[in-house]
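Please read the structure below before turning to the comments.
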Amino acid sequence: MTGTLHDVRVAIDQIDDELLDLICRRMALSAEVAKAKSGAVTYRPGREAEVFTRLAARVPDLPAGVTRNIWRQIMTASSAAQDRSITVAALAKAMPAAAWHFGGQLSVTSCQTMSAVADAMTAGAQYALAPVSDSDAVARWLMADAACHIIAVTPFASFVDDGDSLPRCYLIGREPADAVADETTLVACMTDGSPRIDMLAGRVDDPLANYASPARVVGVIATPAKTD
């Protein structure tokens with residue numbers, strides 16, 4: 001595109017207006033989804049992961065993180081529009097990821113200890129956020145509380161460091177995540193008295209077959225598709 005700086009800015013303004021119109025249409029459709037759910041769980045991390053994956057594949061020359069960051073905020077706004085009463089408890093170290101993931105749209109309470117996070121869930125918080133680096137404390141909690149499940153890892157990316165400045169965090173809820181094509185099974189277990197979370201590729205038929213008690217499947221979550 002050629003033209004003066006003014007012409008370019010006018011074109012950008014037009015695109016911004018079109019984007020805003022499309023977002024408004026999306027929010028209206030999200031409201032229809034809320035009606036169709038009829039009380040079902042608002043937050044669907046599996047569905048979100050499928051959207052992230054599909055959109056990133058459409059624009060391979062655009063960094064996947066750019067697409068993920070934009071749609072993360074759009075999806076949180078949609079969830080908030082469906083149910084603004086959603087509350088989240090986050091370990092203090094997870095607050096940067098919580099601020100990014102929920103975009104200020106939902107109520108997030110900072111907790112100083114994992115036991116405080118667990119207590120907040122017991123008291124009524126719908127979701128919790130804890131760093132993957134605190135897997136031992138998360139495993140200890142979830143082995144004792146079968147009512148909670150890991151439903152996602154956020155930011156949605158690989159489990160290894162891929163340059164994100166945010167701490168990778170487990171997102172924990174009361175309902176298991178919806179099934180998707182690419183998944184990882186998470187097993188909380190004890191080794192020599194120390195709790196840990198193991199990651200098993202795929203949705204494993206008998207994930208506890210090779211574990212001695214105590215062990216529990218604490219989640220089957222969406223993960224990025226493997227690429228060559």
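Residues are referred to by chain and number: the chain letter is A, B, ... according to the order shown in the structure tokens, the number counts from 1 in that chain, and ligands are numbered separately from 1 in the order shown.
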ask   = Which residues, written as a PyMOL selection string, have at least one atom at most 9 Å from Trp100 (chain A), with only C-alpha atoms counted and residues fewer than 4 positions away on the same chain left out?
value = chain A and resi 69+72-73+95-96+104+155+166
Selection to disk with C-alpha atoms, as a PDB file, in the first residue's frame:
ATOM      1  CA  ASN A  69      -2.799 -12.653  23.307  1.00  0.00           C
ATOM      2  CA  ARG A  72      -7.275 -14.347  25.114  1.00  0.00           C
ATOM      3  CA  GLN A  73      -8.709 -10.918  25.899  1.00  0.00           C
ATOM      4  CA  MET A  95      -1.071 -12.790  39.752  1.00  0.00           C
ATOM      5  CA  PRO A  96       0.760 -11.548  36.604  1.00  0.00           C
ATOM      6  CA  GLY A 104      -9.334  -7.337  34.614  1.00  0.00           C
ATOM      7  CA  PRO A 155      -0.555 -19.068  28.763  1.00  0.00           C
ATOM      8  CA  LEU A 166       4.513 -14.669  32.301  1.00  0.00           C
TER       9      LEU A 166
END
Strand (DSSP E) call set, DSSP backbone run, region 69-219 of chain A, as number ranges by chain | A: 87-91, 107-111, 127-131, 149-154, 169-173, 183-191, 194-201, 215-219
- Message: Report as a list in words all protein, DNA and RNA residues lying within 9 Å of region 24-28 of chain A, evaluated on only C-alpha atoms, omitting residues in the same chain fewer than 2 positions from it.
- Response: Leu19, Leu20, Asp21, Leu22, Ser30, Ala31, Glu32, Val33, Ile74, Ala77, Ser78 and Ala81 of chain A
Notebook entry, point to check: So which residues touch Arg44 (chain A) within 12 Å, counting only C-alpha atoms, skipping near sequence neighbours fewer than 5 positions away, as a PyMOL selection string?
Noted result: chain A and resi 33-34+37+49-51+75-76+78-79+151-152+171+173+175-180+221-222
Find the residues near Arg216 (chain A): any atom within 9 Å, counting only C-alpha atoms, skip ones fewer than 4 places away on the same chain, and give them as a compact mmCIF listing (two decimals) with N, CA and C atoms, in the first residue's frame.
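Writing done, so here's result.txt:
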# COMPACT_ATOMS: atom_id res chain seq x y z
N LEU A 142 -4.44 -31.31 45.33
CA LEU A 142 -5.42 -32.00 44.50
C LEU A 142 -5.53 -33.49 44.83
N MET A 143 -4.48 -34.08 45.41
CA MET A 143 -4.63 -35.45 45.86
C MET A 143 -5.57 -35.55 47.06
N ALA A 146 -10.62 -34.25 45.68
CA ALA A 146 -11.05 -34.83 44.41
C ALA A 146 -12.11 -33.98 43.70
N LEU A 186 -2.67 -35.44 33.29
CA LEU A 186 -1.88 -35.03 34.44
C LEU A 186 -2.19 -35.94 35.63
N VAL A 187 -1.15 -36.53 36.20
CA VAL A 187 -1.30 -37.44 37.33
C VAL A 187 -0.54 -36.89 38.53
N ALA A 188 -1.24 -36.69 39.63
CA ALA A 188 -0.60 -36.30 40.89
C ALA A 188 -0.24 -37.57 41.65
N CYS A 189 0.99 -37.63 42.14
CA CYS A 189 1.44 -38.84 42.82
C CYS A 189 2.50 -38.48 43.87
N PRO A 207 -4.44 -44.48 33.15
CA PRO A 207 -3.26 -43.67 33.51
C PRO A 207 -2.62 -44.05 34.84
N LEU A 208 -3.36 -44.72 35.72
CA LEU A 208 -2.81 -45.04 37.04
C LEU A 208 -2.22 -46.45 37.10
So which residues touch Leu129 (chain A) within 9 Å, counting only C-alpha atoms, skipping near sequence neighbours fewer than 6 positions away, as a PyMOL selection string?
chain A and resi 88-91+94-95+97-98+117+154+169-172
Emit the selected residues as a short mmCIF file (atom, residue, chain, number, x, y, z; two decimals), in the first residue's frame, including all heavy atoms.
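Written output follows (result.cif):
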data_model
loop_
_atom_site.label_atom_id
_atom_site.label_comp_id
_atom_site.auth_asym_id
_atom_site.auth_seq_id
_atom_site.Cartn_x
_atom_site.Cartn_y
_atom_site.Cartn_z
N VAL A 88 -12.09 -15.82 40.99
CA VAL A 88 -10.85 -16.58 40.83
C VAL A 88 -9.96 -16.35 42.04
O VAL A 88 -9.82 -15.21 42.52
CB VAL A 88 -10.10 -16.14 39.56
CG1 VAL A 88 -8.84 -16.98 39.36
CG2 VAL A 88 -11.01 -16.22 38.33
N ALA A 89 -9.33 -17.42 42.54
CA ALA A 89 -8.32 -17.31 43.59
C ALA A 89 -6.97 -17.62 42.96
O ALA A 89 -6.81 -18.63 42.27
CB ALA A 89 -8.61 -18.29 44.72
N ALA A 90 -5.98 -16.76 43.16
CA ALA A 90 -4.68 -16.95 42.55
C ALA A 90 -3.58 -16.87 43.60
O ALA A 90 -3.59 -15.98 44.45
CB ALA A 90 -4.43 -15.91 41.46
N LEU A 91 -2.65 -17.83 43.54
CA LEU A 91 -1.46 -17.71 44.37
C LEU A 91 -0.75 -16.42 43.97
O LEU A 91 -0.71 -16.06 42.80
CB LEU A 91 -0.56 -18.92 44.16
CG LEU A 91 0.51 -19.18 45.21
CD1 LEU A 91 -0.12 -19.49 46.56
CD2 LEU A 91 1.41 -20.33 44.79
N ALA A 94 1.19 -16.08 40.95
CA ALA A 94 0.48 -16.27 39.70
C ALA A 94 -0.30 -15.03 39.26
O ALA A 94 -0.93 -15.04 38.19
CB ALA A 94 -0.49 -17.45 39.82
N MET A 95 -0.26 -13.97 40.06
CA MET A 95 -1.07 -12.79 39.75
C MET A 95 -0.75 -12.16 38.39
O MET A 95 -1.67 -11.70 37.69
CB MET A 95 -0.95 -11.76 40.87
CG MET A 95 -1.73 -12.14 42.13
SD MET A 95 -3.52 -12.36 41.84
CE MET A 95 -4.01 -10.65 41.57
N ALA A 97 0.07 -13.67 35.63
CA ALA A 97 -0.63 -14.50 34.66
C ALA A 97 -2.14 -14.33 34.79
O ALA A 97 -2.87 -14.32 33.79
CB ALA A 97 -0.25 -15.97 34.83
N ALA A 98 -2.62 -14.19 36.03
CA ALA A 98 -4.06 -13.99 36.25
C ALA A 98 -4.52 -12.68 35.62
O ALA A 98 -5.58 -12.61 34.99
CB ALA A 98 -4.37 -14.00 37.74
N VAL A 117 -5.47 -20.71 48.78
CA VAL A 117 -6.13 -20.90 47.49
C VAL A 117 -7.19 -21.99 47.61
O VAL A 117 -8.33 -21.83 47.15
CB VAL A 117 -5.09 -21.27 46.40
CG1 VAL A 117 -5.80 -21.64 45.10
CG2 VAL A 117 -4.13 -20.12 46.16
N THR A 154 -2.01 -22.02 31.44
CA THR A 154 -2.00 -20.70 30.80
C THR A 154 -0.70 -20.00 31.10
O THR A 154 -0.16 -20.15 32.20
CB THR A 154 -3.20 -19.85 31.28
OG1 THR A 154 -3.25 -18.64 30.52
CG2 THR A 154 -3.15 -19.50 32.75
N CYS A 169 1.04 -21.24 34.37
CA CYS A 169 0.21 -21.56 35.53
C CYS A 169 -0.82 -22.62 35.22
O CYS A 169 -1.33 -22.71 34.09
CB CYS A 169 -0.53 -20.30 36.02
SG CYS A 169 0.54 -19.04 36.72
N TYR A 170 -1.13 -23.43 36.24
CA TYR A 170 -2.27 -24.32 36.16
C TYR A 170 -3.54 -23.53 36.44
O TYR A 170 -3.59 -22.72 37.38
CB TYR A 170 -2.17 -25.42 37.22
CG TYR A 170 -1.03 -26.40 37.03
CD1 TYR A 170 -0.07 -26.57 38.03
CD2 TYR A 170 -0.93 -27.18 35.88
CE1 TYR A 170 0.96 -27.48 37.88
CE2 TYR A 170 0.11 -28.09 35.73
CZ TYR A 170 1.05 -28.22 36.72
OH TYR A 170 2.07 -29.12 36.57
N LEU A 171 -4.56 -23.77 35.64
CA LEU A 171 -5.90 -23.24 35.91
C LEU A 171 -6.73 -24.38 36.45
O LEU A 171 -6.81 -25.45 35.82
CB LEU A 171 -6.52 -22.66 34.65
CG LEU A 171 -7.89 -22.00 34.79
CD1 LEU A 171 -7.84 -20.84 35.78
CD2 LEU A 171 -8.39 -21.53 33.44
N ILE A 172 -7.32 -24.19 37.61
CA ILE A 172 -8.00 -25.26 38.34
C ILE A 172 -9.47 -24.90 38.50
O ILE A 172 -9.82 -23.75 38.81
CB ILE A 172 -7.34 -25.45 39.72
CG1 ILE A 172 -5.87 -25.89 39.52
CG2 ILE A 172 -8.10 -26.45 40.58
CD1 ILE A 172 -4.97 -25.53 40.67
#
DSSP-assigned alpha helix (DSSP H) members of region 8-193 of chain A, reported as an MDAnalysis selection string: chainID A and resid 8:37 45:58 64:82 95:102 114:123 135:144
In Å and to one decimal, CA of Val138 (chain A) is distant from CA of Ala118 (chain A) by 9.4 Å
Which residues come within 10 Å of Arg140 (chain A), counting only C-alpha atoms, excluding same-chain residues fewer than 6 positions away, as a PyMOL selection string?
chain A and resi 114+188-190+194-197
If you count only C-alpha atoms, the residue of A:Ala123, A:Leu62, A:Ala201, A:Leu106 closest to Arg84 (chain A) turns out to be A:Leu106
One residue among A:Val59, A:Ala125, A:Leu200, A:Gln112 is nearest to Ser85 (chain A) when using only C-alpha atoms, and that residue is A:Ala125
Judged by only C-alpha atoms, the minimum distance to Val217 (chain A) among A:Ala147, A:Asp192, A:Pro63, A:Ala56 is found for A:Ala147
